[in-house]
>>> print(open('structure_8.json').read())   # JSON, N, CA and C atoms
[["chain", "number", "residue", "atom", "x", "y", "z"],
["U", 2, "ILE", "N", 0.46, -5.12, 7.08],
["U", 2, "ILE", "CA", 0.42, -6.55, 6.72],
["U", 2, "ILE", "C", 1.86, -7.07, 6.71],
["U", 3, "GLN", "N", 2.07, -8.20, 7.35],
["U", 3, "GLN", "CA", 3.39, -8.82, 7.36],
["U", 3, "GLN", "C", 3.30, -10.18, 6.70],
["U", 4, "ARG", "N", 4.28, -10.47, 5.85],
["U", 4, "ARG", "CA", 4.33, -11.80, 5.24],
["U", 4, "ARG", "C", 5.34, -12.64, 6.02],
["U", 5, "ILE", "N", 4.91, -13.84, 6.38],
["U", 5, "ILE", "CA", 5.80, -14.74, 7.09],
["U", 5, "ILE", "C", 5.68, -16.13, 6.47],
["U", 6, "GLU", "N", 6.73, -16.89, 6.58],
["U", 6, "GLU", "CA", 6.72, -18.28, 6.10],
["U", 6, "GLU", "C", 6.04, -18.40, 4.74],
["U", 7, "GLY", "N", 6.63, -17.78, 3.74],
["U", 7, "GLY", "CA", 6.07, -17.88, 2.40],
["U", 7, "GLY", "C", 4.87, -17.00, 2.18],
["U", 8, "GLU", "N", 3.70, -17.61, 2.01],
["U", 8, "GLU", "CA", 2.50, -16.87, 1.64],
["U", 8, "GLU", "C", 1.60, -16.48, 2.82],
["U", 9, "ALA", "N", 1.95, -16.87, 4.04],
["U", 9, "ALA", "CA", 1.10, -16.52, 5.18],
["U", 9, "ALA", "C", 1.09, -15.01, 5.38],
["U", 10, "VAL", "N", -0.09, -14.46, 5.58],
["U", 10, "VAL", "CA", -0.24, -13.02, 5.77],
["U", 10, "VAL", "C", -0.82, -12.77, 7.15],
["U", 11, "GLN", "N", -0.20, -11.87, 7.91],
["U", 11, "GLN", "CA", -0.70, -11.54, 9.24],
["U", 11, "GLN", "C", -1.22, -10.10, 9.26],
["U", 12, "ILE", "N", -2.38, -9.92, 9.86],
["U", 12, "ILE", "CA", -3.03, -8.62, 9.94],
["U", 12, "ILE", "C", -3.36, -8.33, 11.40],
["U", 13, "LYS", "N", -2.95, -7.16, 11.90],
["U", 13, "LYS", "CA", -3.21, -6.81, 13.30],
["U", 13, "LYS", "C", -4.52, -6.05, 13.43],
["U", 14, "GLY", "N", -5.19, -6.26, 14.58],
["U", 14, "GLY", "CA", -6.44, -5.57, 14.85],
["U", 14, "GLY", "C", -6.65, -5.34, 16.34],
["U", 15, "ILE", "N", -7.67, -4.52, 16.64],
["U", 15, "ILE", "CA", -8.05, -4.18, 18.01],
["U", 15, "ILE", "C", -9.54, -4.39, 18.13],
["U", 16, "GLY", "N", -9.98, -4.97, 19.25],
["U", 16, "GLY", "CA", -11.41, -5.16, 19.41],
["U", 16, "GLY", "C", -11.82, -5.45, 20.84],
["U", 17, "ILE", "N", -13.10, -5.74, 20.99],
["U", 17, "ILE", "CA", -13.68, -6.10, 22.28],
["U", 17, "ILE", "C", -14.36, -7.45, 22.12],
["U", 18, "ILE", "N", -14.09, -8.36, 23.05],
["U", 18, "ILE", "CA", -14.71, -9.69, 23.00],
["U", 18, "ILE", "C", -16.19, -9.56, 23.33],
["U", 19, "GLU", "N", -17.04, -10.07, 22.46],
["U", 19, "GLU", "CA", -18.48, -10.09, 22.73],
["U", 19, "GLU", "C", -18.94, -11.45, 23.20],
["U", 20, "LYS", "N", -18.36, -12.51, 22.63],
["U", 20, "LYS", "CA", -18.79, -13.87, 22.98],
["U", 20, "LYS", "C", -17.65, -14.84, 22.71],
["U", 21, "ILE", "N", -17.57, -15.87, 23.53],
["U", 21, "ILE", "CA", -16.57, -16.91, 23.35],
["U", 21, "ILE", "C", -17.27, -18.25, 23.28],
["U", 22, "ASP", "N", -16.96, -19.04, 22.25],
["U", 22, "ASP", "CA", -17.49, -20.40, 22.13],
["U", 22, "ASP", "C", -16.29, -21.33, 22.22],
["U", 23, "ASP", "N", -15.98, -21.75, 23.44],
["U", 23, "ASP", "CA", -14.80, -22.58, 23.67],
["U", 23, "ASP", "C", -14.92, -23.94, 22.98],
["U", 24, "GLU", "N", -16.13, -24.46, 22.91],
["U", 24, "GLU", "CA", -16.34, -25.78, 22.30],
["U", 24, "GLU", "C", -15.99, -25.77, 20.80],
["U", 25, "LYS", "N", -16.42, -24.73, 20.10],
["U", 25, "LYS", "CA", -16.14, -24.62, 18.66],
["U", 25, "LYS", "C", -14.85, -23.84, 18.38],
["U", 26, "HIS", "N", -14.23, -23.32, 19.45],
["U", 26, "HIS", "CA", -13.02, -22.51, 19.37],
["U", 26, "HIS", "C", -13.22, -21.30, 18.45],
["U", 27, "LEU", "N", -14.34, -20.60, 18.71],
["U", 27, "LEU", "CA", -14.69, -19.38, 17.99],
["U", 27, "LEU", "C", -14.80, -18.23, 18.98],
["U", 28, "ILE", "N", -14.56, -17.03, 18.49],
["U", 28, "ILE", "CA", -14.72, -15.83, 19.31],
["U", 28, "ILE", "C", -15.45, -14.78, 18.48],
["U", 29, "THR", "N", -16.37, -14.07, 19.12],
["U", 29, "THR", "CA", -17.05, -12.97, 18.45],
["U", 29, "THR", "C", -16.41, -11.68, 18.94],
["U", 30, "LEU", "N", -15.89, -10.90, 18.00],
["U", 30, "LEU", "CA", -15.22, -9.65, 18.33],
["U", 30, "LEU", "C", -15.95, -8.48, 17.68],
["U", 31, "LYS", "N", -16.07, -7.40, 18.43],
["U", 31, "LYS", "CA", -16.48, -6.12, 17.87],
["U", 31, "LYS", "C", -15.16, -5.39, 17.62],
["U", 32, "HIS", "N", -14.73, -5.38, 16.36],
["U", 32, "HIS", "CA", -13.40, -4.86, 16.07],
["U", 32, "HIS", "C", -13.45, -3.52, 15.35],
["U", 33, "GLU", "N", -12.36, -2.79, 15.48],
["U", 33, "GLU", "CA", -12.20, -1.53, 14.75],
["U", 33, "GLU", "C", -11.96, -1.85, 13.28],
["U", 34, "ALA", "N", -12.03, -0.83, 12.43],
["U", 34, "ALA", "CA", -11.76, -1.02, 11.01],
["U", 34, "ALA", "C", -10.34, -1.57, 10.83],
["U", 35, "ILE", "N", -10.20, -2.46, 9.86],
["U", 35, "ILE", "CA", -8.89, -3.03, 9.54],
["U", 35, "ILE", "C", -8.56, -2.60, 8.11],
["U", 36, "ALA", "N", -7.82, -1.50, 8.00],
["U", 36, "ALA", "CA", -7.55, -0.87, 6.70],
["U", 36, "ALA", "C", -6.82, -1.80, 5.73],
["U", 37, "GLU", "N", -5.90, -2.62, 6.25],
["U", 37, "GLU", "CA", -5.09, -3.47, 5.36],
["U", 37, "GLU", "C", -5.94, -4.41, 4.50],
["U", 38, "ILE", "N", -7.11, -4.77, 5.00],
["U", 38, "ILE", "CA", -7.97, -5.69, 4.24],
["U", 38, "ILE", "C", -9.31, -5.05, 3.90],
["U", 39, "ASN", "N", -9.37, -3.72, 4.00],
["U", 39, "ASN", "CA", -10.58, -2.97, 3.66],
["U", 39, "ASN", "C", -11.81, -3.49, 4.39],
["U", 40, "MET", "N", -11.65, -3.82, 5.67],
["U", 40, "MET", "CA", -12.76, -4.33, 6.47],
["U", 40, "MET", "C", -13.23, -3.23, 7.42],
["U", 41, "PRO", "N", -14.50, -2.82, 7.32],
["U", 41, "PRO", "CA", -15.00, -1.79, 8.22],
["U", 41, "PRO", "C", -15.15, -2.33, 9.64],
["U", 42, "ALA", "N", -15.31, -1.43, 10.60],
["U", 42, "ALA", "CA", -15.57, -1.84, 11.98],
["U", 42, "ALA", "C", -16.87, -2.62, 12.00],
["U", 43, "MET", "N", -16.88, -3.74, 12.74],
["U", 43, "MET", "CA", -18.08, -4.58, 12.82],
["U", 43, "MET", "C", -17.90, -5.63, 13.89],
["U", 44, "SER", "N", -18.97, -6.36, 14.15],
["U", 44, "SER", "CA", -18.90, -7.54, 15.01],
["U", 44, "SER", "C", -18.92, -8.76, 14.12],
["U", 45, "MET", "N", -18.04, -9.70, 14.38],
["U", 45, "MET", "CA", -18.03, -10.94, 13.59],
["U", 45, "MET", "C", -17.34, -12.05, 14.34],
["U", 46, "ASP", "N", -17.60, -13.27, 13.91],
["U", 46, "ASP", "CA", -17.00, -14.47, 14.50],
["U", 46, "ASP", "C", -15.68, -14.76, 13.80],
["U", 47, "PHE", "N", -14.72, -15.21, 14.60],
["U", 47, "PHE", "CA", -13.43, -15.63, 14.06],
["U", 47, "PHE", "C", -13.08, -17.00, 14.63],
["U", 48, "GLU", "N", -12.52, -17.85, 13.78],
["U", 48, "GLU", "CA", -11.91, -19.09, 14.24],
["U", 48, "GLU", "C", -10.64, -18.69, 15.00],
["U", 49, "VAL", "N", -10.31, -19.45, 16.05],
["U", 49, "VAL", "CA", -9.15, -19.13, 16.87],
["U", 49, "VAL", "C", -8.19, -20.32, 16.86],
["U", 50, "SER", "N", -6.91, -20.03, 16.75],
["U", 50, "SER", "CA", -5.88, -21.06, 16.76],
["U", 50, "SER", "C", -6.02, -21.93, 18.00],
["U", 51, "ASP", "N", -5.78, -23.22, 17.84],
["U", 51, "ASP", "CA", -5.81, -24.16, 18.98],
["U", 51, "ASP", "C", -4.75, -23.84, 20.01],
["U", 52, "LYS", "N", -3.74, -23.05, 19.64],
["U", 52, "LYS", "CA", -2.66, -22.69, 20.57],
["U", 52, "LYS", "C", -3.10, -21.64, 21.58],
["U", 53, "ILE", "N", -4.27, -21.02, 21.35],
["U", 53, "ILE", "CA", -4.79, -19.98, 22.25],
["U", 53, "ILE", "C", -5.80, -20.61, 23.20],
["U", 54, "ASN", "N", -5.60, -20.43, 24.48],
["U", 54, "ASN", "CA", -6.52, -20.95, 25.49],
["U", 54, "ASN", "C", -7.62, -19.91, 25.72],
["U", 55, "LEU", "N", -8.81, -20.16, 25.21],
["U", 55, "LEU", "CA", -9.90, -19.20, 25.33],
["U", 55, "LEU", "C", -10.39, -19.03, 26.76],
["U", 56, "LYS", "N", -10.04, -19.96, 27.64],
["U", 56, "LYS", "CA", -10.44, -19.84, 29.05],
["U", 56, "LYS", "C", -9.71, -18.68, 29.73],
["U", 57, "ASP", "N", -8.65, -18.17, 29.09],
["U", 57, "ASP", "CA", -7.91, -17.03, 29.64],
["U", 57, "ASP", "C", -8.59, -15.69, 29.34],
["U", 58, "PHE", "N", -9.69, -15.73, 28.58],
["U", 58, "PHE", "CA", -10.36, -14.51, 28.14],
["U", 58, "PHE", "C", -11.82, -14.51, 28.57],
["U", 59, "LYS", "N", -12.44, -13.31, 28.60],
["U", 59, "LYS", "CA", -13.85, -13.23, 28.93],
["U", 59, "LYS", "C", -14.51, -12.11, 28.14],
["U", 60, "SER", "N", -15.82, -12.19, 28.02],
["U", 60, "SER", "CA", -16.58, -11.17, 27.29],
["U", 60, "SER", "C", -16.36, -9.80, 27.91],
["U", 61, "GLY", "N", -16.29, -8.80, 27.06],
["U", 61, "GLY", "CA", -16.10, -7.43, 27.51],
["U", 61, "GLY", "C", -14.66, -6.98, 27.57],
["U", 62, "GLU", "N", -13.73, -7.92, 27.42],
["U", 62, "GLU", "CA", -12.31, -7.54, 27.46],
["U", 62, "GLU", "C", -11.89, -6.89, 26.15],
["U", 63, "HIS", "N", -11.02, -5.88, 26.28],
["U", 63, "HIS", "CA", -10.40, -5.25, 25.12],
["U", 63, "HIS", "C", -9.18, -6.09, 24.76],
["U", 64, "VAL", "N", -9.01, -6.37, 23.47],
["U", 64, "VAL", "CA", -7.91, -7.23, 23.04],
["U", 64, "VAL", "C", -7.22, -6.69, 21.79],
["U", 65, "ASN", "N", -5.96, -7.04, 21.67],
["U", 65, "ASN", "CA", -5.22, -6.90, 20.42],
["U", 65, "ASN", "C", -5.20, -8.29, 19.82],
["U", 66, "PHE", "N", -5.30, -8.36, 18.50],
["U", 66, "PHE", "CA", -5.28, -9.68, 17.87],
["U", 66, "PHE", "C", -4.53, -9.63, 16.55],
["U", 67, "VAL", "N", -4.09, -10.80, 16.13],
["U", 67, "VAL", "CA", -3.43, -10.96, 14.83],
["U", 67, "VAL", "C", -4.21, -12.01, 14.06],
["U", 68, "LEU", "N", -4.61, -11.62, 12.85],
["U", 68, "LEU", "CA", -5.33, -12.53, 11.97],
["U", 68, "LEU", "C", -4.38, -13.12, 10.95],
["U", 69, "GLU", "N", -4.68, -14.35, 10.55],
["U", 69, "GLU", "CA", -3.99, -14.96, 9.43],
["U", 69, "GLU", "C", -5.03, -15.20, 8.36],
["U", 70, "LYS", "N", -4.72, -14.82, 7.15],
["U", 70, "LYS", "CA", -5.64, -14.98, 6.04],
["U", 70, "LYS", "C", -5.63, -16.44, 5.59],
["U", 71, "LYS", "N", -6.81, -17.07, 5.65],
["U", 71, "LYS", "CA", -6.93, -18.48, 5.27],
["U", 71, "LYS", "C", -7.40, -18.62, 3.84],
["U", 72, "SER", "N", -8.25, -17.70, 3.40],
["U", 72, "SER", "CA", -8.74, -17.66, 2.02],
["U", 72, "SER", "C", -9.13, -16.22, 1.75],
["U", 73, "GLU", "N", -9.72, -15.95, 0.60],
["U", 73, "GLU", "CA", -10.03, -14.57, 0.22],
["U", 73, "GLU", "C", -10.85, -13.82, 1.26],
["U", 74, "GLN", "N", -11.83, -14.47, 1.86],
["U", 74, "GLN", "CA", -12.70, -13.81, 2.83],
["U", 74, "GLN", "C", -12.70, -14.51, 4.20],
["U", 75, "GLU", "N", -11.73, -15.36, 4.45],
["U", 75, "GLU", "CA", -11.70, -16.11, 5.70],
["U", 75, "GLU", "C", -10.39, -15.86, 6.44],
["U", 76, "PHE", "N", -10.55, -15.50, 7.73],
["U", 76, "PHE", "CA", -9.41, -15.17, 8.57],
["U", 76, "PHE", "C", -9.52, -15.93, 9.88],
["U", 77, "ALA", "N", -8.37, -16.25, 10.48],
["U", 77, "ALA", "CA", -8.35, -16.92, 11.78],
["U", 77, "ALA", "C", -7.43, -16.12, 12.72],
["U", 78, "ILE", "N", -7.80, -16.09, 14.00],
["U", 78, "ILE", "CA", -6.97, -15.41, 14.99],
["U", 78, "ILE", "C", -5.85, -16.35, 15.41],
["U", 79, "ILE", "N", -4.61, -15.86, 15.25],
["U", 79, "ILE", "CA", -3.45, -16.69, 15.63],
["U", 79, "ILE", "C", -2.73, -16.12, 16.85],
["U", 80, "GLN", "N", -3.04, -14.86, 17.22],
["U", 80, "GLN", "CA", -2.52, -14.27, 18.45],
["U", 80, "GLN", "C", -3.63, -13.44, 19.07],
["U", 81, "LEU", "N", -3.73, -13.50, 20.39],
["U", 81, "LEU", "CA", -4.77, -12.76, 21.11],
["U", 81, "LEU", "C", -4.22, -12.37, 22.47],
["U", 82, "GLU", "N", -4.34, -11.08, 22.82],
["U", 82, "GLU", "CA", -3.87, -10.64, 24.13],
["U", 82, "GLU", "C", -4.75, -9.52, 24.65],
["U", 83, "GLN", "N", -4.97, -9.55, 25.98],
["U", 83, "GLN", "CA", -5.75, -8.50, 26.63],
["U", 83, "GLN", "C", -4.98, -7.19, 26.59],
["U", 84, "THR", "N", -5.72, -6.08, 26.50],
["U", 84, "THR", "CA", -5.10, -4.77, 26.64],
["U", 84, "THR", "C", -5.63, -4.16, 27.93],
["U", 85, "HIS", "N", -5.08, -3.04, 28.32],
["U", 85, "HIS", "CA", -5.53, -2.37, 29.53],
["U", 85, "HIS", "C", -6.34, -1.14, 29.17],
["U", 86, "HIS", "N", -6.92, -1.15, 27.98],
["U", 86, "HIS", "CA", -7.72, -0.02, 27.49],
["U", 86, "HIS", "C", -8.85, 0.28, 28.47],
["U", 87, "GLY", "N", -8.93, 1.53, 28.86],
["U", 87, "GLY", "CA", -10.03, 1.96, 29.71],
["U", 87, "GLY", "C", -9.88, 1.58, 31.17],
["U", 88, "LYS", "N", -8.75, 1.00, 31.55],
["U", 88, "LYS", "CA", -8.54, 0.61, 32.95],
["U", 88, "LYS", "C", -7.37, 1.41, 33.51],
["U", 89, "SER", "N", -7.45, 1.77, 34.76],
["U", 89, "SER", "CA", -6.31, 2.46, 35.39],
["U", 89, "SER", "C", -5.21, 1.45, 35.64],
["U", 90, "GLN", "N", -3.99, 1.90, 35.46],
["U", 90, "GLN", "CA", -2.85, 0.97, 35.60],
["U", 90, "GLN", "C", -2.09, 1.22, 36.86]]
>>> encode(input="structure_8.json", output="structure tokens")
Amino acid sequence: IQRIEGEAVQIKGIGIIEKIDDEKHLITLKHEAIAEINMPAMSMDFEVSDKINLKDFKSGEHVNFVLEKKSEQEFAIIQLEQTHHGKSQ
């Protein structure tokens, strides 16, 4: 967990995109466990920062992401990038 700009907390994670809702700017990720926030591996929807263009992503892609804690149980993705997991380079 990294603290930036006062109270903002950033949490890194790894997952696979299951669904993208560009209209609502939401993404459904099947993510690995996130130990920093005691979150087990699961599929869930995340709000995505308006700075991220969801048209650059597609279902089935492996991604690294950074969450920002918005409230006790609410997180938003503020960074999202494809990985080359499972692909020959």
>>> closest_residue(input="structure_8.json", among="U:Asp23, U:Ala77, U:Ile35, U:Ser72", to="Asp57 in chain U", atoms="only C-alpha atoms")
U:Asp23
>>> select_by_dssp(input="structure_8.json", residues="range 7-57 of chain U", states="helix (DSSP H, G or I)", output="PyMOL selection string")
chain U and resi 36-38+55-57
>>> atom_distance(input="structure_8.json", atom1="atom N of Met45 in chain U", atom2="CA of Glu19 in chain U")
8.4 Å
>>> closest_residue(input="structure_8.json", among="U:Leu81, U:Ala34, U:Met40, U:Leu68", to="Ile53 in chain U", atoms="all atoms listed in the file")
U:Leu81
>>> axis_aligned_box(input="structure_8.json", around="range 22-28 of chain U", padding_each_side="3 Å", output="lines of an AutoDock Vina configuration file")
center_x = -15.3
center_y = -20.3
center_z = 20.8
size_x = 10.5
size_y = 17.0
size_z = 11.7
>>> atom_distance(input="structure_8.json", atom1="CA of Lys13 in chain U", atom2="CA of Phe66 in chain U")
5.8 Å
>>> residues_around(input="structure_8.json", residues="Phe58 in chain U", least_positions_apart="2", cutoff="8 Å", atoms="all atoms listed in the file", output="list in words")
Ile18, Ile21, Asn54, Leu55, Lys56, Ser60, Gly61, Glu62 and Gln83 of chain U
>>> atom_distance(input="structure_8.json", atom1="CA of Glu24 in chain U", atom2="CA of Ile38 in chain U")
28.3 Å
>>> closest_residue(input="structure_8.json", among="U:Thr84, U:Lys52, U:Val10, U:Ile78", to="Leu30 in chain U", atoms="only C-alpha atoms")
U:Ile78
>>> select_by_dssp(input="structure_8.json", residues="range 21-56 of chain U", states="strand (DSSP E)", output="list in words")
Ile21, Asp22, Leu27, Ile28, Thr29, Leu30, Lys31, His32, Met43, Ser44, Met45, Asp46, Phe47, Glu48 and Val49 of chain U
>>> closest_residue(input="structure_8.json", among="U:Phe76, U:His63, U:Glu33, U:Glu69", to="Phe47 in chain U", atoms="only N, CA and C atoms")
U:Phe76
>>> closest_residue(input="structure_8.json", among="U:Val67, U:Ile12, U:Ile79, U:Ile17", to="Val49 in chain U", atoms="all atoms listed in the file")
U:Ile79
